[in-house]
Amino acid sequence: MSFLEYLNKEQLPPVQHSGGPALVLAGAGSGKTRVITYRVAYLIDHLGELPYSIFAVTFTNKAADEMKERIAHLVSSGLRGLWVGTFHSMCARVLREFVHLTPFSSNFVIYDAYDQRNLIKRIMVDFRITGKKLVPRYVQRTISNLKDRLVDEYHFSPFGYEQIEIGEIYTEYQKRLLLNNAMDFDDLLFNTYRLLEENNNVREELDNRFKHKLVDEYQDTNHAQYMILKLISEKNRDLFVVGDDDQSIYGFRGADINNILDFEQEFPDSTVYRLQRNYRSTQMILRAASSVVKHNRSRVTKTLWTSVDEGSKLTLFTALDENEEARMLIRFLKKELPGRRKKDILIAYRTNAQSRAVEDALLREGIQYTIVGGLRFYQRKEIKDLLAYIKFITNKKDSVSFSRILNTPNRGIGKMRRDRIESYALKRHISLWEATAILSEDDLMLSNFVALISSLETTDQVDVLLELIIEKTGYLRLLEEEDTVEADSRIDNIRELLSTVKDVVSKKGFLTPEDYLREISLLTDIDEWNVDDSVTLMTLHNTKGLEFPVVFITGLSQDILPHHRSIKDGNIEEERRLFYVGLTRAKEKIYLSYFKMRGQGWGGIKTLKPSVFISELPKEVVDGLESHPGSTIFGDIPIRGKDEIGNGWVEHPIWGRGRILKTVDGDKLLISFNGMTKKIKKGFFK
């Protein structure tokens with residue numbers, strides 16, 4: 001029996017596509033991976049195409065390995081020469097093959113994000129650039145955005161003093177990369193584009209070699225990836241892309257949803273196929289998901305359907321705060337466990353900080369869990385940094401905590417000083433702290449550190465101590481100045497920690513740092529856990545491509561989902577797609593929850609409204625929704641297209657395409673660029 005007989009009537013036509021550009025709009029759970037793998041197998045087994053004439057791109061190495069394995073099971077011949085991999089691995093392969101046409105050697109190294117930041121830090125020190133907002137992460141993100149937009153250091157037109165400094169760093173950064181025979185991840189794409197753009201022979205050779213180009217998760221491509229595909233598809237135009245605009249949730253990483261929305265316009269001779277039959281979820285779940293995502297204007301109309309049973313209604317429950325939400329979640333989870341494995345259950349949330357309350361509740365009940373794609377709350381860097389201060393204040397012999405806090409946040413105490421402290425302590429058989437105190441007498445930086453620690457030894461109450469640490473170290477302020485999505489997540493985690501500590505203190509009346517450390521030690525002692533069968537915790541961003549019989553989506557409160565940053569940036573549609581992704585992970589049952597109050601960390605309480613997305617769910621498919629009329633509880637935020645929140649679009653050399661939200665201060669525009677807002681003078685765009 002031919003493998004084609006395993007395809008349904010929607011999947012068969014794209015697999016047998018006769019050639020030319022093709023867009024497969026594959027809804028959640030509709031079998032997109034099957035279509036792209038069967039398409040490759042069809043080209044080889046049925047049309048006799050040689051494997052080395054096929055180029056298939058995925059977005060993770062794991063997905064690439066799975067695709068190769070599936071294809072191997074389908075074809076009768078070998079796969080020698082077949083190109084399957086991520087965009088970055090493919091580009092690295094092309095660059096090494098044609099390295100003689102680049103200024104690099106074939107053994108060039110690839111710098112990761114940590115290597116990039118270290119190089120940028122050294123350049124900033126050499127250039128004596130120490131602006132408050134110009135932190136290395138910000139510079140790194142700006143350079144990455146420029147490369148995504150294919151703007152090199154010579155064509156970057158800076159606007160304002162800060163951007164002039166970034167331009168200087170960008171130029172020097174690229175020089176040093178070349179000097180080190182190194183590329184960063186963005187360079188792999190940019191340099192491949194440049195190689196193709198500047199060398200007609202290379203472009204034609206790859207175009208001829210790869211008669212068939214296939215791309216999975218096309219909605220996640222950025223501008224550079226789109227241009228590379230376009231350049232190698234000028235002659236052999238069998239560009240076969242599979243994706244779902246409703247699952248485009250990585251705008252903050254540079255993904256451009258317009259690549260999939262404008263495909264027919266960019267390739268007028270293209271054929272569009274739709275996969276709308278869902279094999280994963282019940283009818284109730286699909287009605288809920290479709291009802292939400294249809295509120296987006298930037299999408300291609302499609303309606304998922306299924307022959308699966310009607311299924312049970314979604315359940316919505318409300319809590320006073322996130323701790324009560326976690327306790328209620330556990331009660332529902334326990335009802336689901338009989339007859340199920342723990343790994344059948346997913347608990348998803350918008351931000352990493354939200355896992356803390358759920359983790360605490362699971363630990364109290366002795367329910368095993370695994371966090372996927374993220375660290376446990378108490379293992380996150382910013383939490384470990386702050387706890388290290390508390391540990392050191394309570395025990396000056398704690399050399400591990402001392403080493404962690406000595407230059408955290410960065411206060412200029414580098415390796416030379418650390419070596420001096422360690423050598424002095426070893427020679428005199430004293431603690432690192434004692435050595436530091438002695439050496440500080442003729443060292444201003446060490447003296448400032450000793451003074452900082454002394455200023456923290458003024459309280460026996462753990463919540464007051466934590467507040468002092470955050471304030472006097474400037475840890476939170478530095479993150480706020482960084483102004484990145486990653487920094488926002490860390491700020492959320494710090495506030496969550498402080499709110500949690502205050503909550504414990506309020507229940508006990510008084511809590512010393514020592515007592516607090518003993519209490520949380522139980523929450524971090526997980527070495528002996530067996531995670532083979534455990535409840536899965538992860539952010540909604542990490543759920544894409546997965547499925548679970550039972551899904552809990554927590555924190556459906558305004559400012560959390562949708563996130564306050566996205567509300568501020570006018571980027572509600574991506575948040576709605578994120579919620580849609582969460583809903584469509586479920587096979588049988590969904591629980592939704594929100595809470596009304598959240599601690600701000602400094603004694604304040606913020607009242608939260610239910611998420612606007614709850615009002616978009618049909619009442620007939622959600623138990624618990626009928627008591628929440630939208631007219632009284634849902635916020636009055638702008639959630640639809642430019643008629644309500646914008647006056648058009650602009651193009652910026654760094655940030656790319658942006659939506660104008662409004663005019664401010666008379667001569668400035670407030671513009672949303674995929675997850676960030678900027679005020680820019682109108683004259684800049686003339």
# chains A, B, ... in the order shown; residues from 1 in each chain; ligands from 1
$ residues_around --residues "Gly243 in chain A" --least-positions-apart "5" --cutoff "12 Å" --atoms "only C-alpha atoms" --output "ChimeraX atom specification"
/A:22-33,35-36,58-59,214-221,248,257,259-261,263,272-275,300,545
$ write_last_selection --atoms "C-alpha atoms" --output "mmCIF file, in the first residue's frame"
data_model
loop_
_atom_site.group_PDB
_atom_site.id
_atom_site.type_symbol
_atom_site.label_atom_id
_atom_site.label_comp_id
_atom_site.auth_asym_id
_atom_site.auth_seq_id
_atom_site.Cartn_x
_atom_site.Cartn_y
_atom_site.Cartn_z
ATOM 1 C CA ALA A 22 2.935 26.820 -2.689
ATOM 2 C CA LEU A 23 1.579 27.955 0.653
ATOM 3 C CA VAL A 24 0.047 25.350 2.937
ATOM 4 C CA LEU A 25 -2.021 27.021 5.644
ATOM 5 C CA ALA A 26 -2.025 24.284 8.246
ATOM 6 C CA GLY A 27 -4.251 24.844 11.246
ATOM 7 C CA ALA A 28 -3.354 23.521 14.687
ATOM 8 C CA GLY A 29 -3.397 19.714 14.859
ATOM 9 C CA SER A 30 -4.077 19.336 11.136
ATOM 10 C CA GLY A 31 -0.991 17.280 10.295
ATOM 11 C CA LYS A 32 1.413 19.860 8.853
ATOM 12 C CA THR A 33 4.478 17.797 9.761
ATOM 13 C CA VAL A 35 2.377 16.951 4.833
ATOM 14 C CA ILE A 36 5.916 18.279 4.621
ATOM 15 C CA THR A 58 12.840 23.463 10.179
ATOM 16 C CA PHE A 59 13.287 25.695 13.224
ATOM 17 C CA LEU A 214 10.499 23.243 1.687
ATOM 18 C CA VAL A 215 10.031 25.343 4.839
ATOM 19 C CA ASP A 216 8.254 24.315 8.031
ATOM 20 C CA GLU A 217 6.827 26.865 10.510
ATOM 21 C CA TYR A 218 6.959 29.579 7.833
ATOM 22 C CA GLN A 219 5.100 32.022 10.069
ATOM 23 C CA ASP A 220 8.245 32.201 12.241
ATOM 24 C CA THR A 221 10.619 33.381 9.493
ATOM 25 C CA SER A 248 2.790 33.329 14.873
ATOM 26 C CA ILE A 257 3.963 37.471 10.281
ATOM 27 C CA ASN A 259 5.943 36.791 5.348
ATOM 28 C CA ILE A 260 3.051 34.341 5.474
ATOM 29 C CA LEU A 261 0.233 36.888 5.122
ATOM 30 C CA PHE A 263 2.995 35.179 0.376
ATOM 31 C CA VAL A 272 -2.647 28.008 -1.626
ATOM 32 C CA TYR A 273 -3.780 24.876 0.212
ATOM 33 C CA ARG A 274 -5.705 24.801 3.492
ATOM 34 C CA LEU A 275 -5.542 22.084 6.134
ATOM 35 C CA VAL A 300 -6.125 34.436 6.843
ATOM 36 C CA GLY A 545 4.045 21.942 18.673
#
$ select_by_dssp --residues "range 505-602 of chain A" --states "strand (DSSP E or B)" --output "list in words"
Val535, Thr536, Leu537, Met538, Thr539, Phe548, Pro549, Val550, Val551, Phe552, Ile553, Ser557, Asp559, Ile560, His563, Ala586, Lys587, Glu588, Lys589, Ile590, Tyr591, Leu592, Ser593, Tyr594, Phe595, Met597, Arg598 and Gly599 of chain A
$ write_last_selection --atoms "N, CA, C and O atoms" --output "short mmCIF file (atom, residue, chain, number, x, y, z; two decimals), in the first residue's frame"
data_model
loop_
_atom_site.label_atom_id
_atom_site.label_comp_id
_atom_site.auth_asym_id
_atom_site.auth_seq_id
_atom_site.Cartn_x
_atom_site.Cartn_y
_atom_site.Cartn_z
N VAL A 535 3.79 16.06 36.15
CA VAL A 535 3.02 17.15 35.55
C VAL A 535 4.00 18.11 34.87
O VAL A 535 5.09 18.39 35.39
N THR A 536 3.64 18.60 33.70
CA THR A 536 4.52 19.49 32.94
C THR A 536 4.13 20.94 33.16
O THR A 536 2.96 21.30 33.06
N LEU A 537 5.13 21.78 33.47
CA LEU A 537 4.93 23.22 33.60
C LEU A 537 5.76 23.91 32.54
O LEU A 537 6.94 23.58 32.34
N MET A 538 5.18 24.89 31.85
CA MET A 538 5.95 25.66 30.88
C MET A 538 5.19 26.92 30.49
O MET A 538 3.99 27.05 30.71
N THR A 539 5.94 27.87 29.89
CA THR A 539 5.29 29.07 29.39
C THR A 539 4.52 28.73 28.12
O THR A 539 4.82 27.75 27.43
N PHE A 548 -1.39 17.72 24.88
CA PHE A 548 -1.64 17.05 26.15
C PHE A 548 -3.14 16.78 26.28
O PHE A 548 -3.95 17.61 25.84
N PRO A 549 -3.52 15.67 26.89
CA PRO A 549 -4.95 15.43 27.11
C PRO A 549 -5.62 16.53 27.94
O PRO A 549 -6.74 16.94 27.65
N VAL A 550 -4.93 17.02 28.98
CA VAL A 550 -5.50 18.03 29.87
C VAL A 550 -4.56 19.23 29.94
O VAL A 550 -3.36 19.08 30.16
N VAL A 551 -5.13 20.44 29.76
CA VAL A 551 -4.33 21.66 29.79
C VAL A 551 -4.94 22.66 30.77
O VAL A 551 -6.15 22.93 30.72
N PHE A 552 -4.11 23.19 31.66
CA PHE A 552 -4.48 24.31 32.52
C PHE A 552 -3.77 25.56 31.99
O PHE A 552 -2.56 25.54 31.77
N ILE A 553 -4.52 26.63 31.76
CA ILE A 553 -3.92 27.92 31.41
C ILE A 553 -4.24 28.88 32.54
O ILE A 553 -5.40 29.23 32.78
N SER A 557 -5.48 37.10 33.53
CA SER A 557 -5.82 38.41 34.08
C SER A 557 -5.20 39.48 33.19
O SER A 557 -4.11 39.30 32.65
N ASP A 559 -3.12 42.45 31.93
CA ASP A 559 -1.73 42.83 32.24
C ASP A 559 -0.83 41.61 32.38
O ASP A 559 0.39 41.74 32.42
N ILE A 560 -1.43 40.40 32.49
CA ILE A 560 -0.63 39.17 32.51
C ILE A 560 -0.79 38.46 31.17
O ILE A 560 0.17 38.15 30.49
N HIS A 563 -0.17 40.50 28.15
CA HIS A 563 0.87 41.07 28.99
C HIS A 563 0.85 42.60 28.90
O HIS A 563 0.53 43.16 27.85
N ALA A 586 -4.66 21.30 23.81
CA ALA A 586 -5.47 20.35 24.58
C ALA A 586 -6.20 19.36 23.67
O ALA A 586 -6.77 19.73 22.65
N LYS A 587 -6.21 18.11 24.09
CA LYS A 587 -6.92 17.07 23.36
C LYS A 587 -8.33 16.84 23.92
O LYS A 587 -9.27 16.62 23.17
N GLU A 588 -8.46 16.89 25.25
CA GLU A 588 -9.74 16.50 25.86
C GLU A 588 -10.34 17.55 26.79
O GLU A 588 -11.55 17.76 26.78
N LYS A 589 -9.51 18.21 27.60
CA LYS A 589 -10.07 19.06 28.64
C LYS A 589 -9.19 20.28 28.88
O LYS A 589 -7.96 20.18 28.86
N ILE A 590 -9.84 21.43 29.10
CA ILE A 590 -9.11 22.68 29.39
C ILE A 590 -9.68 23.31 30.66
O ILE A 590 -10.90 23.41 30.85
N TYR A 591 -8.77 23.76 31.53
CA TYR A 591 -9.12 24.57 32.69
C TYR A 591 -8.48 25.95 32.53
O TYR A 591 -7.29 26.05 32.23
N LEU A 592 -9.28 26.98 32.71
CA LEU A 592 -8.81 28.36 32.62
C LEU A 592 -8.99 29.02 33.97
O LEU A 592 -9.97 28.76 34.67
N SER A 593 -8.06 29.90 34.33
CA SER A 593 -8.20 30.57 35.63
C SER A 593 -7.62 31.96 35.60
O SER A 593 -6.73 32.27 34.79
N TYR A 594 -8.12 32.82 36.46
CA TYR A 594 -7.54 34.15 36.64
C TYR A 594 -7.68 34.54 38.10
O TYR A 594 -8.48 33.98 38.84
N PHE A 595 -6.85 35.48 38.52
CA PHE A 595 -6.93 35.97 39.90
C PHE A 595 -7.10 37.49 39.90
O PHE A 595 -6.76 38.17 38.94
N MET A 597 -6.13 39.82 42.46
CA MET A 597 -5.19 40.70 43.15
C MET A 597 -3.78 40.15 43.03
O MET A 597 -3.57 38.94 43.04
N ARG A 598 -2.80 41.08 42.93
CA ARG A 598 -1.40 40.65 42.85
C ARG A 598 -0.53 41.59 43.67
O ARG A 598 -0.64 42.81 43.54
N GLY A 599 0.34 41.00 44.50
CA GLY A 599 1.25 41.81 45.28
C GLY A 599 2.29 42.46 44.38
O GLY A 599 2.77 41.85 43.43
#
$ atom_distance --atom1 "CA of Lys302 in chain A" --atom2 "CA of Lys9 in chain A"
16.5 Å
$ closest_residue --among "A:Val151, A:Leu4, A:Leu578, A:Ala182" --to "Asn296 in chain A" --atoms "only C-alpha atoms"
A:Leu578
$ closest_residue --among "A:Lys175, A:His100, A:His88, A:Lys619" --to "Asp187 in chain A" --atoms "only C-alpha atoms"
A:His88
$ closest_residue --among "A:Leu625, A:Ile44, A:Leu583, A:Met183" --to "Leu79 in chain A" --atoms "only C-alpha atoms"
A:Ile44
$ closest_residue --among "A:Val202, A:Leu179, A:Ser672, A:Met124" --to "Glu165 in chain A" --atoms "only C-alpha atoms"
A:Met124
$ closest_residue --among "A:Val622, A:Asp667, A:Lys508, A:Phe252" --to "Glu486 in chain A" --atoms "only C-alpha atoms"
A:Phe252
$ closest_residue --among "A:Met328, A:Leu669, A:Thr303, A:Arg117" --to "Gln276 in chain A" --atoms "only C-alpha atoms"
A:Thr303
$ residues_around --residues "Tyr111 in chain A" --least-positions-apart "6" --cutoff "12 Å" --atoms "only C-alpha atoms" --output "PyMOL selection string"
chain A and resi 117-120+176-178+180-188
$ atom_distance --atom1 "CA of Tyr389 in chain A" --atom2 "CA of Pro136 in chain A"
24.1 Å
$ residues_around --residues "Leu439 in chain A" --least-positions-apart "3" --cutoff "12 Å" --atoms "only C-alpha atoms" --output "ChimeraX atom specification"
/A:417-418,420-425,432-436,442-450
$ residues_around --residues "Phe685 in chain A" --least-positions-apart "3" --cutoff "9 Å" --atoms "only C-alpha atoms" --output "ChimeraX atom specification"
/A:650-652,680-682
$ write_last_selection --atoms "N, CA, C and O atoms" --output "compact mmCIF listing (two decimals), in the first residue's frame"
# COMPACT_ATOMS: atom_id res chain seq x y z
N VAL A 650 5.27 52.84 9.52
CA VAL A 650 6.53 53.46 9.13
C VAL A 650 7.61 52.38 9.08
O VAL A 650 7.43 51.30 9.63
N GLU A 651 8.73 52.71 8.44
CA GLU A 651 9.86 51.80 8.37
C GLU A 651 11.05 52.46 9.04
O GLU A 651 11.42 53.58 8.71
N HIS A 652 11.67 51.77 10.02
CA HIS A 652 12.80 52.32 10.75
C HIS A 652 14.05 51.49 10.46
O HIS A 652 13.96 50.26 10.34
N ILE A 680 9.59 58.83 18.46
CA ILE A 680 10.50 59.29 17.42
C ILE A 680 9.91 60.54 16.77
O ILE A 680 8.71 60.60 16.49
N LYS A 681 10.75 61.52 16.52
CA LYS A 681 10.29 62.76 15.89
C LYS A 681 9.75 62.47 14.49
O LYS A 681 10.31 61.67 13.74
N LYS A 682 8.67 63.19 14.16
CA LYS A 682 8.04 62.98 12.85
C LYS A 682 9.03 63.21 11.71
O LYS A 682 9.01 62.52 10.70
$ residues_around --residues "Tyr154 in chain A" --least-positions-apart "3" --cutoff "10 Å" --atoms "only C-alpha atoms" --output "MDAnalysis selection string"
chainID A and resid 151 157 167 170:171
$ select_by_dssp --residues "range 175-370 of chain A" --states "alpha helix (DSSP H)" --output "count of residues only"
83
$ atom_distance --atom1 "CA of Glu162 in chain A" --atom2 "CA of Trp649 in chain A"
23.9 Å
$ residues_around --residues "Thr130 in chain A" --least-positions-apart "3" --cutoff "12 Å" --atoms "only C-alpha atoms" --output "list in words"
Lys121, Arg122, Ile123, Met124, Val125, Asp126, Phe127, Lys133, Leu134, Val135, Pro136, Val139, Glu162, Glu165 and Ile166 of chain A
